[in-house]
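**Student:** Structure file final_4.cif (mmCIF, C-alpha atoms and all ligand atoms) is given on the next line.
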```cif
data_structure
#
loop_
_atom_site.label_atom_id
_atom_site.label_comp_id
_atom_site.auth_asym_id
_atom_site.auth_seq_id
_atom_site.Cartn_x
_atom_site.Cartn_y
_atom_site.Cartn_z
CA MET A 1 -25.35 -32.90 10.00
CA ASN A 2 -28.66 -31.17 10.51
CA VAL A 3 -30.48 -31.24 13.83
CA ASN A 4 -34.08 -30.18 13.30
CA GLY A 5 -32.97 -28.30 10.18
CA LYS A 6 -29.91 -26.54 11.69
CA HIS A 7 -26.38 -27.60 10.74
CA TYR A 8 -24.14 -28.67 13.63
CA ARG A 9 -20.73 -30.19 14.05
CA THR A 10 -20.21 -32.23 17.24
CA ILE A 11 -17.54 -29.83 18.55
CA TRP A 12 -16.66 -26.21 17.75
CA LEU A 13 -15.04 -23.03 19.09
CA ASN A 14 -17.74 -20.40 19.52
CA GLU A 15 -17.46 -16.65 18.91
CA LYS A 16 -16.60 -16.13 22.61
CA ASP A 17 -13.55 -18.40 22.24
CA THR A 18 -15.19 -21.24 24.21
CA VAL A 19 -14.97 -24.88 23.13
CA GLN A 20 -18.47 -26.34 22.92
CA ILE A 21 -19.73 -29.89 22.48
CA ILE A 22 -23.01 -31.72 22.19
CA ASP A 23 -23.28 -33.64 25.48
CA GLN A 24 -24.22 -37.06 24.09
CA ARG A 25 -25.23 -38.56 27.43
CA TRP A 26 -28.73 -37.16 27.08
CA LEU A 27 -29.50 -38.06 23.46
CA PRO A 28 -31.93 -38.95 21.97
CA HIS A 29 -34.19 -37.36 24.57
CA GLU A 30 -32.46 -34.03 25.22
CA PHE A 31 -30.13 -31.96 23.02
CA VAL A 32 -27.68 -30.33 25.43
CA ILE A 33 -24.68 -28.14 24.54
CA GLU A 34 -21.82 -28.02 27.06
CA ASP A 35 -18.89 -25.60 27.47
CA LEU A 36 -15.41 -27.06 28.04
CA ASN A 37 -13.48 -24.37 29.92
CA THR A 38 -10.68 -26.30 31.63
CA VAL A 39 -8.49 -29.33 30.99
CA GLU A 40 -10.44 -31.07 33.76
CA ASP A 41 -13.72 -30.39 31.88
CA VAL A 42 -12.17 -31.94 28.77
CA ALA A 43 -10.90 -35.00 30.68
CA VAL A 44 -14.31 -35.62 32.27
CA ALA A 45 -16.10 -35.14 28.93
CA ILE A 46 -13.90 -37.83 27.36
CA LYS A 47 -13.89 -40.30 30.28
CA ASP A 48 -17.61 -40.03 31.10
CA MET A 49 -18.53 -40.06 27.41
CA HIS A 50 -20.16 -36.66 26.99
CA VAL A 51 -18.20 -37.08 23.74
CA ARG A 52 -17.28 -40.49 22.38
CA GLY A 53 -16.33 -42.29 19.18
CA ALA A 54 -12.72 -42.38 18.01
CA GLY A 55 -12.80 -39.38 15.66
CA LEU A 56 -14.59 -37.10 18.09
CA ILE A 57 -12.36 -38.19 20.96
CA GLY A 58 -9.42 -37.09 18.76
CA ALA A 59 -11.04 -33.76 17.85
CA THR A 60 -11.88 -33.13 21.52
CA ALA A 61 -8.29 -33.90 22.48
CA GLY A 62 -7.17 -31.41 19.81
CA TRP A 63 -9.37 -28.67 21.28
CA GLY A 64 -8.45 -29.89 24.78
CA MET A 65 -4.83 -29.05 24.03
CA TYR A 66 -5.94 -25.55 23.00
CA VAL A 67 -7.60 -25.18 26.42
CA ALA A 68 -4.40 -26.62 27.97
CA ALA A 69 -2.21 -24.14 26.05
CA LYS A 70 -4.17 -21.28 27.63
CA GLN A 71 -3.69 -22.81 31.12
CA ALA A 72 -0.06 -23.99 30.91
CA LYS A 73 2.99 -21.75 31.24
CA SER A 74 5.60 -24.18 29.86
CA VAL A 75 6.01 -27.10 27.44
CA GLU A 76 6.58 -29.40 30.44
CA GLU A 77 3.23 -28.39 31.93
CA LEU A 78 1.54 -28.90 28.56
CA GLU A 79 3.10 -32.36 28.23
CA LYS A 80 1.73 -33.28 31.67
CA MET A 81 -1.74 -32.13 30.69
CA GLY A 82 -1.44 -34.10 27.45
CA ASP A 83 -0.46 -37.24 29.40
CA TYR A 84 -3.41 -36.70 31.71
CA LEU A 85 -5.84 -36.45 28.78
CA LYS A 86 -4.31 -39.54 27.13
CA GLN A 87 -5.16 -41.63 30.21
CA GLN A 88 -8.90 -41.01 29.93
CA ARG A 89 -9.68 -43.68 27.31
CA PRO A 90 -7.07 -46.23 26.19
CA THR A 91 -8.43 -47.93 23.05
CA ALA A 92 -9.21 -45.10 20.60
CA ILE A 93 -5.82 -44.22 19.14
CA ASN A 94 -7.11 -40.83 17.90
CA LEU A 95 -6.70 -39.55 21.47
CA GLU A 96 -2.92 -39.93 21.62
CA TRP A 97 -2.59 -39.13 17.90
CA ALA A 98 -4.21 -35.69 18.37
CA ILE A 99 -2.27 -34.86 21.53
CA ASP A 100 1.07 -35.86 19.99
CA ARG A 101 0.27 -33.83 16.86
CA GLN A 102 -0.46 -30.78 19.01
CA LEU A 103 2.70 -31.21 21.13
CA ASN A 104 4.91 -31.69 18.04
CA GLU A 105 3.62 -28.50 16.43
CA ILE A 106 3.85 -26.47 19.66
CA LYS A 107 7.43 -27.67 20.27
CA LYS A 108 8.41 -26.62 16.72
CA SER A 109 7.34 -23.04 17.42
CA ASN A 110 8.06 -20.37 19.97
CA ILE A 111 6.48 -21.09 23.39
CA GLU A 112 4.89 -17.60 23.38
CA ASP A 113 2.93 -18.67 20.27
CA ARG A 114 1.53 -21.82 21.91
CA VAL A 115 -2.07 -20.61 22.11
CA ASN A 116 -2.21 -19.54 18.45
CA VAL A 117 -0.49 -22.72 17.28
CA ALA A 118 -2.79 -24.94 19.37
CA ARG A 119 -5.90 -23.11 18.06
CA ASN A 120 -4.80 -23.61 14.45
CA VAL A 121 -3.88 -27.27 14.93
CA ALA A 122 -7.17 -28.01 16.75
CA LYS A 123 -9.11 -26.43 13.88
CA GLN A 124 -7.05 -28.40 11.34
CA ILE A 125 -7.80 -31.67 13.18
CA GLU A 126 -11.50 -30.77 13.32
CA ASP A 127 -11.74 -29.85 9.62
CA GLU A 128 -9.61 -32.78 8.48
CA ASP A 129 -11.81 -35.22 10.40
CA ALA A 130 -14.93 -33.89 8.69
CA GLU A 131 -13.30 -33.92 5.23
CA TYR A 132 -11.87 -37.44 5.63
CA CYS A 133 -15.28 -38.76 6.68
CA ARG A 134 -16.87 -37.04 3.67
CA MET A 135 -14.33 -38.82 1.43
CA ILE A 136 -15.07 -42.18 3.12
CA GLY A 137 -18.65 -41.59 1.96
CA VAL A 138 -17.56 -40.77 -1.60
CA HIS A 139 -15.54 -44.01 -1.85
CA GLY A 140 -17.86 -46.23 0.17
CA TYR A 141 -21.22 -45.46 -1.42
CA LYS A 142 -20.07 -47.25 -4.60
CA ILE A 143 -20.17 -50.60 -2.77
CA ILE A 144 -23.78 -49.88 -1.81
CA GLU A 145 -24.58 -48.73 -5.35
CA ASP A 146 -23.20 -52.00 -6.79
CA ILE A 147 -25.36 -54.08 -4.46
CA SER A 148 -28.37 -51.92 -5.29
CA LYS A 149 -27.87 -52.40 -9.06
CA ARG A 150 -27.42 -56.14 -8.64
CA LYS A 151 -30.38 -56.54 -6.33
CA ASN A 152 -32.71 -53.93 -7.75
CA SER A 153 -34.37 -53.50 -4.36
CA THR A 154 -33.59 -52.05 -0.91
CA VAL A 155 -30.00 -52.51 0.30
CA ASN A 156 -30.02 -53.71 3.92
CA ILE A 157 -26.96 -52.64 5.88
CA LEU A 158 -26.19 -53.72 9.44
CA THR A 159 -24.14 -51.47 11.71
CA HIS A 160 -22.93 -51.77 15.28
CA CYS A 161 -22.56 -49.07 17.93
CA ASN A 162 -22.42 -45.48 16.65
CA ALA A 163 -19.80 -44.86 14.01
CA GLY A 164 -21.88 -41.96 12.77
CA TRP A 165 -21.75 -38.19 12.71
CA LEU A 166 -21.85 -38.21 16.53
CA ALA A 167 -18.67 -40.32 16.69
CA PHE A 168 -16.78 -37.79 14.54
CA VAL A 169 -16.97 -34.10 13.73
CA ASP A 170 -19.39 -34.63 10.83
CA TYR A 171 -20.67 -37.40 8.45
CA GLY A 172 -19.33 -40.36 10.48
CA SER A 173 -17.27 -43.27 9.16
CA ALA A 174 -19.66 -46.25 8.83
CA THR A 175 -22.58 -43.89 8.15
CA ALA A 176 -20.81 -41.71 5.56
CA PRO A 177 -21.34 -44.22 2.68
CA ILE A 178 -24.94 -44.70 3.86
CA TYR A 179 -25.67 -40.94 3.87
CA GLU A 180 -23.97 -40.54 0.49
CA ALA A 181 -25.98 -43.44 -0.98
CA TYR A 182 -29.21 -42.04 0.49
CA ASN A 183 -28.45 -38.54 -0.83
CA ARG A 184 -27.93 -40.03 -4.30
CA GLY A 185 -31.35 -41.65 -4.19
CA ILE A 186 -30.26 -45.24 -3.51
CA ASP A 187 -32.84 -47.19 -1.51
CA VAL A 188 -31.11 -48.11 1.79
CA HIS A 189 -32.32 -49.51 5.08
CA VAL A 190 -30.12 -49.85 8.18
CA TRP A 191 -30.31 -52.54 10.87
CA VAL A 192 -29.13 -50.73 14.01
CA ASP A 193 -27.64 -52.96 16.73
CA GLU A 194 -28.73 -51.57 20.10
CA THR A 195 -25.14 -52.03 21.42
CA ARG A 196 -25.36 -52.83 25.10
CA PRO A 197 -24.32 -51.75 27.63
CA ARG A 198 -24.43 -48.05 26.70
CA ASN A 199 -26.80 -48.46 23.76
CA GLN A 200 -24.98 -46.15 21.35
CA GLY A 201 -26.86 -47.81 18.46
CA ALA A 202 -30.35 -47.53 19.94
CA ARG A 203 -29.79 -44.02 21.31
CA LEU A 204 -27.38 -42.32 18.91
CA THR A 205 -27.31 -44.07 15.53
CA ALA A 206 -31.10 -44.32 15.50
CA TRP A 207 -31.34 -40.61 16.40
CA GLU A 208 -29.04 -39.43 13.63
CA LEU A 209 -30.52 -41.70 10.96
CA ASN A 210 -33.90 -40.33 11.95
CA MET A 211 -32.63 -36.72 11.63
CA HIS A 212 -31.35 -37.51 8.12
CA GLY A 213 -34.50 -39.43 7.11
CA VAL A 214 -32.76 -42.78 6.51
CA LYS A 215 -34.97 -45.88 6.96
CA HIS A 216 -33.77 -47.96 9.87
CA THR A 217 -34.82 -50.60 12.40
CA VAL A 218 -33.31 -51.00 15.86
CA ILE A 219 -32.55 -54.61 16.80
CA ALA A 220 -31.37 -56.29 19.99
CA ASP A 221 -27.67 -57.14 19.82
CA ASN A 222 -28.22 -60.85 19.27
CA VAL A 223 -30.48 -60.58 16.23
CA GLY A 224 -27.85 -60.00 13.52
CA GLY A 225 -26.90 -63.67 13.03
CA HIS A 226 -30.51 -64.67 12.48
CA LEU A 227 -31.03 -61.85 9.96
CA MET A 228 -27.90 -62.87 8.05
CA GLN A 229 -28.95 -66.54 7.89
CA ASN A 230 -32.24 -65.42 6.39
CA GLY A 231 -30.74 -63.23 3.66
CA LEU A 232 -31.86 -59.99 5.29
CA VAL A 233 -28.44 -58.33 5.48
CA ASP A 234 -26.60 -57.32 2.27
CA MET A 235 -23.54 -55.90 3.98
CA VAL A 236 -22.16 -54.89 7.36
CA ILE A 237 -20.34 -51.58 7.88
CA VAL A 238 -18.77 -50.72 11.23
CA GLY A 239 -16.28 -48.16 12.49
CA THR A 240 -13.14 -48.77 14.52
CA ASP A 241 -11.28 -47.25 17.46
CA ARG A 242 -7.93 -48.58 16.34
CA THR A 243 -6.87 -50.67 13.35
CA THR A 244 -3.33 -51.96 13.14
CA TYR A 245 -1.34 -51.54 9.93
CA THR A 246 -1.64 -55.33 9.72
CA GLY A 247 -5.45 -55.17 9.54
CA TYR A 248 -6.69 -56.07 13.05
CA VAL A 249 -9.77 -54.05 13.94
CA ALA A 250 -10.60 -52.97 17.50
CA ASN A 251 -14.18 -51.77 17.77
CA LYS A 252 -17.13 -51.73 20.16
CA ILE A 253 -17.66 -54.99 22.04
CA GLY A 254 -19.75 -57.36 19.93
CA THR A 255 -18.23 -56.37 16.59
CA TYR A 256 -16.23 -59.62 16.48
CA LEU A 257 -19.40 -61.73 16.82
CA LYS A 258 -20.99 -59.85 13.93
CA ALA A 259 -17.89 -60.43 11.81
CA LEU A 260 -18.01 -64.18 12.56
CA ALA A 261 -21.69 -64.34 11.63
CA ALA A 262 -21.03 -62.35 8.45
CA LYS A 263 -18.21 -64.69 7.40
CA ALA A 264 -20.36 -67.78 8.05
CA ASN A 265 -23.15 -66.34 5.89
CA ASN A 266 -21.07 -64.81 3.07
CA VAL A 267 -22.13 -61.29 3.99
CA PRO A 268 -19.48 -58.64 3.13
CA PHE A 269 -18.07 -57.06 6.31
CA TYR A 270 -16.55 -53.59 5.82
CA VAL A 271 -14.75 -51.33 8.30
CA ALA A 272 -14.73 -47.57 7.64
CA LEU A 273 -11.98 -45.40 9.10
CA PRO A 274 -9.98 -42.22 8.55
CA SER A 275 -6.17 -42.57 8.61
CA SER A 276 -6.07 -41.05 12.12
CA THR A 277 -7.43 -44.37 13.42
CA PHE A 278 -4.60 -46.54 12.06
CA ASP A 279 -2.00 -47.72 14.54
CA TRP A 280 1.20 -47.65 12.48
CA GLU A 281 3.28 -49.31 15.22
CA LEU A 282 1.40 -52.29 16.65
CA GLU A 283 1.75 -55.44 14.57
CA ASN A 284 -0.29 -57.80 16.73
CA GLY A 285 -3.91 -56.69 17.08
CA TYR A 286 -4.32 -58.63 20.30
CA ASP A 287 -1.86 -56.21 21.92
CA ILE A 288 -4.36 -53.33 21.50
CA PRO A 289 -5.30 -52.06 24.99
CA ILE A 290 -8.94 -52.93 25.66
CA GLU A 291 -10.78 -50.48 27.89
CA GLN A 292 -12.67 -51.94 30.83
CA ARG A 293 -15.38 -49.69 32.20
CA SER A 294 -17.50 -49.85 35.34
CA GLY A 295 -19.79 -52.86 35.74
CA GLU A 296 -22.48 -50.36 36.78
CA GLU A 297 -22.96 -49.57 33.06
CA VAL A 298 -24.04 -53.20 32.57
CA LYS A 299 -26.21 -53.36 35.66
CA TYR A 300 -28.16 -50.16 35.01
CA ILE A 301 -30.01 -48.94 31.93
CA GLN A 302 -30.99 -45.35 31.12
CA GLY A 303 -34.17 -44.15 29.45
CA LEU A 304 -37.09 -41.76 29.54
CA LEU A 305 -39.59 -42.23 32.36
CA ASN A 306 -42.55 -39.89 32.79
CA GLY A 307 -40.74 -37.27 30.74
CA LYS A 308 -37.50 -37.49 32.79
CA ILE A 309 -34.24 -39.27 31.96
CA GLU A 310 -33.75 -41.97 34.63
CA LYS A 311 -31.46 -44.94 35.30
CA VAL A 312 -32.94 -48.21 36.48
CA LEU A 313 -31.33 -51.34 37.92
CA LEU A 314 -31.60 -54.41 35.64
CA THR A 315 -29.79 -57.08 37.61
CA PRO A 316 -29.83 -58.29 41.20
CA GLU A 317 -28.14 -55.55 43.22
CA GLN A 318 -25.49 -58.04 44.52
CA SER A 319 -24.48 -59.46 41.11
CA ASN A 320 -21.05 -58.70 39.74
CA ALA A 321 -20.84 -57.36 36.20
CA VAL A 322 -17.84 -56.99 33.91
CA ASN A 323 -17.67 -54.40 31.15
CA TYR A 324 -15.14 -54.90 28.35
CA ALA A 325 -15.76 -51.97 26.03
CA PHE A 326 -14.06 -53.24 22.83
CA ASP A 327 -13.01 -56.43 21.04
CA VAL A 328 -10.64 -57.25 18.21
CA THR A 329 -11.71 -58.64 14.83
CA PRO A 330 -8.89 -60.39 12.92
CA PRO A 331 -8.16 -59.43 9.28
CA GLU A 332 -9.45 -62.69 7.80
CA LEU A 333 -13.00 -61.70 8.80
CA VAL A 334 -12.80 -58.25 7.16
CA THR A 335 -13.82 -57.86 3.49
CA GLY A 336 -12.32 -54.38 3.16
CA LEU A 337 -11.34 -51.11 4.80
CA ILE A 338 -12.99 -47.93 3.52
CA THR A 339 -10.65 -44.97 4.03
CA GLU A 340 -10.46 -41.36 2.84
CA ARG A 341 -7.99 -42.50 0.16
CA GLY A 342 -10.06 -45.42 -1.13
CA ILE A 343 -10.83 -49.03 -0.31
CA CYS A 344 -8.20 -51.63 0.54
CA GLU A 345 -7.89 -55.09 2.02
CA ALA A 346 -7.24 -55.53 5.73
CA LYS A 347 -3.65 -56.52 4.94
CA LYS A 348 -0.35 -54.75 5.52
CA GLU A 349 0.59 -54.65 1.80
CA SER A 350 -2.78 -53.30 0.74
CA ILE A 351 -2.96 -50.69 3.55
CA LEU A 352 0.58 -49.47 2.85
CA LYS A 353 -0.23 -49.17 -0.86
CA LEU A 354 -2.78 -46.50 0.11
CA TYR A 355 -0.40 -44.89 2.64
CA PRO A 356 3.08 -45.35 1.09
CA GLU A 357 4.53 -42.56 3.27
CA LYS A 358 4.14 -44.90 6.28
CA LEU A 359 6.47 -47.43 4.65
CA VAL A 360 9.82 -47.05 6.47
O1 LIG B 1 -17.33 -46.34 23.53
P1 LIG B 1 -17.57 -45.46 22.33
O2 LIG B 1 -18.99 -45.02 22.19
O3 LIG B 1 -16.57 -44.33 22.25
O4 LIG B 1 -17.26 -46.43 21.14
C1 LIG B 1 -17.49 -46.02 19.84
C2 LIG B 1 -17.29 -47.11 18.87
O5 LIG B 1 -16.99 -48.22 19.20
C3 LIG B 1 -17.35 -46.74 17.46
O6 LIG B 1 -17.81 -47.80 16.68
C4 LIG B 1 -15.92 -46.39 17.08
O7 LIG B 1 -15.45 -45.28 17.80
C5 LIG B 1 -15.69 -46.29 15.68
S1 LIG B 1 -16.36 -44.87 14.92
C6 LIG B 1 -15.42 -43.58 15.51
#
```
Please go through the file and, once you have read it, give me the structure as structure tokens.
Ligand code: MRU
**Tutor:**
Amino acid sequence: MNVNGKHYRTIWLNEKDTVQIIDQRWLPHEFVIEDLNTVEDVAVAIKDMHVRGAGLIGATAGWGMYVAAKQAKSVEELEKMGDYLKQQRPTAINLEWAIDRQLNEIKKSNIEDRVNVARNVAKQIEDEDAEYCRMIGVHGYKIIEDISKRKNSTVNILTHCNAGWLAFVDYGSATAPIYEAYNRGIDVHVWVDETRPRNQGARLTAWELNMHGVKHTVIADNVGGHLMQNGLVDMVIVGTDRTTYTGYVANKIGTYLKALAAKANNVPFYVALPSSTFDWELENGYDIPIEQRSGEEVKYIQGLLNGKIEKVLLTPEQSNAVNYAFDVTPPELVTGLITERGICEAKKESILKLYPEKLV
């Protein structure tokens, strides 16, 4: 993804052997790069959402285990650091997936080689994430192309939260088909849900679509149903933090309501994800752990005031607020899953057809 003409990934190892990230807390107003030098830095970056989005949480955990390998003297110590990182955010399965992948590879090799092994595995996770998202675009743009041919005018796509480049290493999941369609000259327009309480749509998705030159309009979270009733949405594409092998989709709070509205209005509802976001063990989607964050995120809102980023109180100071970060959309509301291997139904048989190696 280009930022003012320069290509960036969202995380990288620089020439001085330091892990660097874009600190997303300050976007769209400030572009800040942060160094992650210790396991504690990595844990804070994940928990306080300097980085966020399932794919990027996984890639950060991968590089976090490289930082851990430099700090730890034994496998036991590394396992403890891995457990500590896993506790930072519970819903995105990419976090534990990346840490377990690192630990498995390190345990297979000589402990003296742990730093080299962890560096290679972290780089593999980073590159794989970018490549899988690119492939999601290659498969997914065809759905947009079909609509465009049928309609012969602008394709209006609604998305929720930020399942874009900033939620991964590059390209994004929900945005990859949109970028691919745009790059191929298809006329697309994106309805961007603001996504309270942290406004990842208004702040992040709008910022990256702007950087890429894709037409978009930011809408308040409750507008989608009205747009769908009035024929102004051709399809919905969202990302996911965890999708069970049975097709239940956990994603940013509010996704479920959009899926219900889409079903009621015959609007196709697609979920884009790389295989690292499948949960191959949980059968019942309602068993997915749902992160609850501080009510302060609901009570306060952040923005630019007189050239400075400030937080202001929205609610009465004394009011309680609750902050469920994710919800679960059942398979019957999902038209299809767009993966790096192709498109399938949100059903066990169809998912396992794409990933037969998971059939045990
Ligand atoms: O709380 P966040 O910002 O990490 O949540 C991000 C989302 O819900 C995305 O839609 C999701 O991670 C899917 S795309 C990686």
**Student:** Quick one: residues within 6 Å of ligand LIG 1 (chain B), with all atoms listed in the file, as a list in words?
**Tutor:**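 I would give the residues around ligand LIG 1 (chain B) as Arg52, Gly53, Ala54, Gly55, Cys161, Asn162, Ala163, Ala167, Gly239, Thr240, Asp241, Asn251 and Lys252 of chain A.
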**Student:** Each residue of range 91-194 of chain A with at least one atom at most 6 Å from range 206-219 of chain A should appear once, together with its nearest atom pair and the corresponding distance in Å (one decimal); atoms considered: only C-alpha atoms; ordering: chain, then increasing residue number; output as a Markdown table.
**Tutor:**
```
| residue | atom | partner | partner_atom | distance |
| --- | --- | --- | --- | --- |
| A:His189 | CA | A:Lys215 | CA | 4.9 |
| A:Val190 | CA | A:His216 | CA | 4.4 |
| A:Trp191 | CA | A:Thr217 | CA | 5.1 |
| A:Val192 | CA | A:Val218 | CA | 4.6 |
| A:Asp193 | CA | A:Ile219 | CA | 5.2 |
| A:Glu194 | CA | A:Ile219 | CA | 5.9 |
```
**Student:** Kindly give the distance, in Å, that separates CA of Tyr248 in chain A and CA of Trp165 in chain A, rounded to a single decimal.
**Tutor:** 23.4 Å
**Student:** As an exercise, work out the distance from CA of Tyr8 in chain A to CA of Asn183 in chain A in Å and give it to one decimal place.
**Tutor:**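 Computing the Euclidean distance for CA of Tyr8 in chain A and CA of Asn183 in chain A yields 18.0 Å.
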**Student:** Would you mind telling me which residue in A:Val117, A:Val233, A:Leu166, A:Ala98 lies nearest to Gln24 in chain A when using only C-alpha atoms?
**Tutor:** A:Leu166
**Student:** I'd like a table as a Markdown table: residues in range 3-78 of chain A with an atom no more than 10 Å from range 304-318 of chain A, each row giving the shortest atom pair and its distance in Å to one decimal, all atoms listed in the file counted, sorted by chain and rising residue number.
**Tutor:**
```
| residue | atom | partner | partner_atom | distance |
| --- | --- | --- | --- | --- |
| A:Trp26 | CA | A:Ile309 | CA | 7.7 |
| A:Leu27 | CA | A:Ile309 | CA | 9.8 |
| A:Pro28 | CA | A:Leu304 | CA | 9.6 |
| A:His29 | CA | A:Leu304 | CA | 7.2 |
| A:Glu30 | CA | A:Ile309 | CA | 8.7 |
```
**Student:** Just C-alpha atoms for this one: save the residues we selected as a tab-separated table (two decimals), keeping the file's coordinate frame.
**Tutor:**
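Saved the output as part.tsv:
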```tsv
chain	number	residue	atom	x	y	z
A	26	TRP	CA	-28.73	-37.16	27.08
A	27	LEU	CA	-29.50	-38.06	23.46
A	28	PRO	CA	-31.93	-38.95	21.97
A	29	HIS	CA	-34.19	-37.36	24.57
A	30	GLU	CA	-32.46	-34.03	25.22
```
**Student:** What does the structure give for the distance between CA of Lys107 in chain A and CA of Tyr84 in chain A, in Å to one decimal?
**Tutor:**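 Spanning CA of Lys107 in chain A to CA of Tyr84 in chain A is a straight-line distance of 18.2 Å.
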**Student:** Which one of A:Arg89, A:Lys142, A:Lys123, A:Lys353 sits closest to Trp12 in chain A if you count only C-alpha atoms?
**Tutor:**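 With only C-alpha atoms as the atom set, the closest residue is A:Lys123.
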**Student:** Give me the residues within 10 Å of Ile106 in chain A as a VMD selection string, counting only C-alpha atoms and dropping any in the same chain fewer than 4 places off.
**Tutor:** chain A and resid 69 75 78 100 to 102 110 to 118 121
**Student:** Point out the residue among A:Asp221, A:Asp234, A:Glu77, A:Glu349 with the least atom-to-atom distance to Ala262 in chain A, counting only C-alpha atoms.
**Tutor:** A:Asp234
**Student:** Pick out the residues sitting within 8 Å of Leu337 in chain A, and hand them over as a PDB file with C-alpha atoms, in the coordinates of the input; count only C-alpha atoms, and ignore anything fewer than 3 positions along from it in its own chain.
**Tutor:**
```pdb
ATOM      1  CA  TYR A 270     -16.550 -53.590   5.820  1.00  0.00           C
ATOM      2  CA  VAL A 271     -14.750 -51.330   8.300  1.00  0.00           C
ATOM      3  CA  ALA A 272     -14.730 -47.570   7.640  1.00  0.00           C
ATOM      4  CA  LEU A 273     -11.980 -45.400   9.100  1.00  0.00           C
ATOM      5  CA  VAL A 334     -12.800 -58.250   7.160  1.00  0.00           C
ATOM      6  CA  ILE A 343     -10.830 -49.030  -0.310  1.00  0.00           C
ATOM      7  CA  CYS A 344      -8.200 -51.630   0.540  1.00  0.00           C
ATOM      8  CA  GLU A 345      -7.890 -55.090   2.020  1.00  0.00           C
ATOM      9  CA  ALA A 346      -7.240 -55.530   5.730  1.00  0.00           C
TER      10      ALA A 346
END
```
**Student:** Using all atoms listed in the file, find the one residue out of A:Ile144, A:Val67, A:Ala59, A:Val3 that sits nearest to Asn94 in chain A.
**Tutor:**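 Ranking A:Ile144, A:Val67, A:Ala59, A:Val3 by distance to Asn94 in chain A, first place goes to A:Ala59.
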**Student:** Taking only C-alpha atoms into account, name the residue in A:Pro289, A:Pro268, A:Gly224, A:Gly342 that is nearest to Ile147 in chain A.
**Tutor:** A:Pro268
**Student:** Of the candidates A:Gly231, A:Gly285, A:Gly201, A:Gly303, which shows the shortest atom-to-atom distance to Thr246 in chain A, using all atoms listed in the file?
**Tutor:**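 Closest to Thr246 in chain A, using all atoms listed in the file: A:Gly285.
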**Student:** Quick one: residues within 6 Å of range 274-279 of chain A, only C-alpha atoms, excluding same-chain residues fewer than 6 positions away - as a ChimeraX atom specification?
**Tutor:** /A:93-94,132,242-244,339-340
**Student:** Restrict the selected residues to C-alpha atoms and save them as a short mmCIF file (atom, residue, chain, number, x, y, z; two decimals), keeping the file's coordinate frame.
**Tutor:**
```
data_model
loop_
_atom_site.label_atom_id
_atom_site.label_comp_id
_atom_site.auth_asym_id
_atom_site.auth_seq_id
_atom_site.Cartn_x
_atom_site.Cartn_y
_atom_site.Cartn_z
CA ILE A 93 -5.82 -44.22 19.14
CA ASN A 94 -7.11 -40.83 17.90
CA TYR A 132 -11.87 -37.44 5.63
CA ARG A 242 -7.93 -48.58 16.34
CA THR A 243 -6.87 -50.67 13.35
CA THR A 244 -3.33 -51.96 13.14
CA THR A 339 -10.65 -44.97 4.03
CA GLU A 340 -10.46 -41.36 2.84
#
```
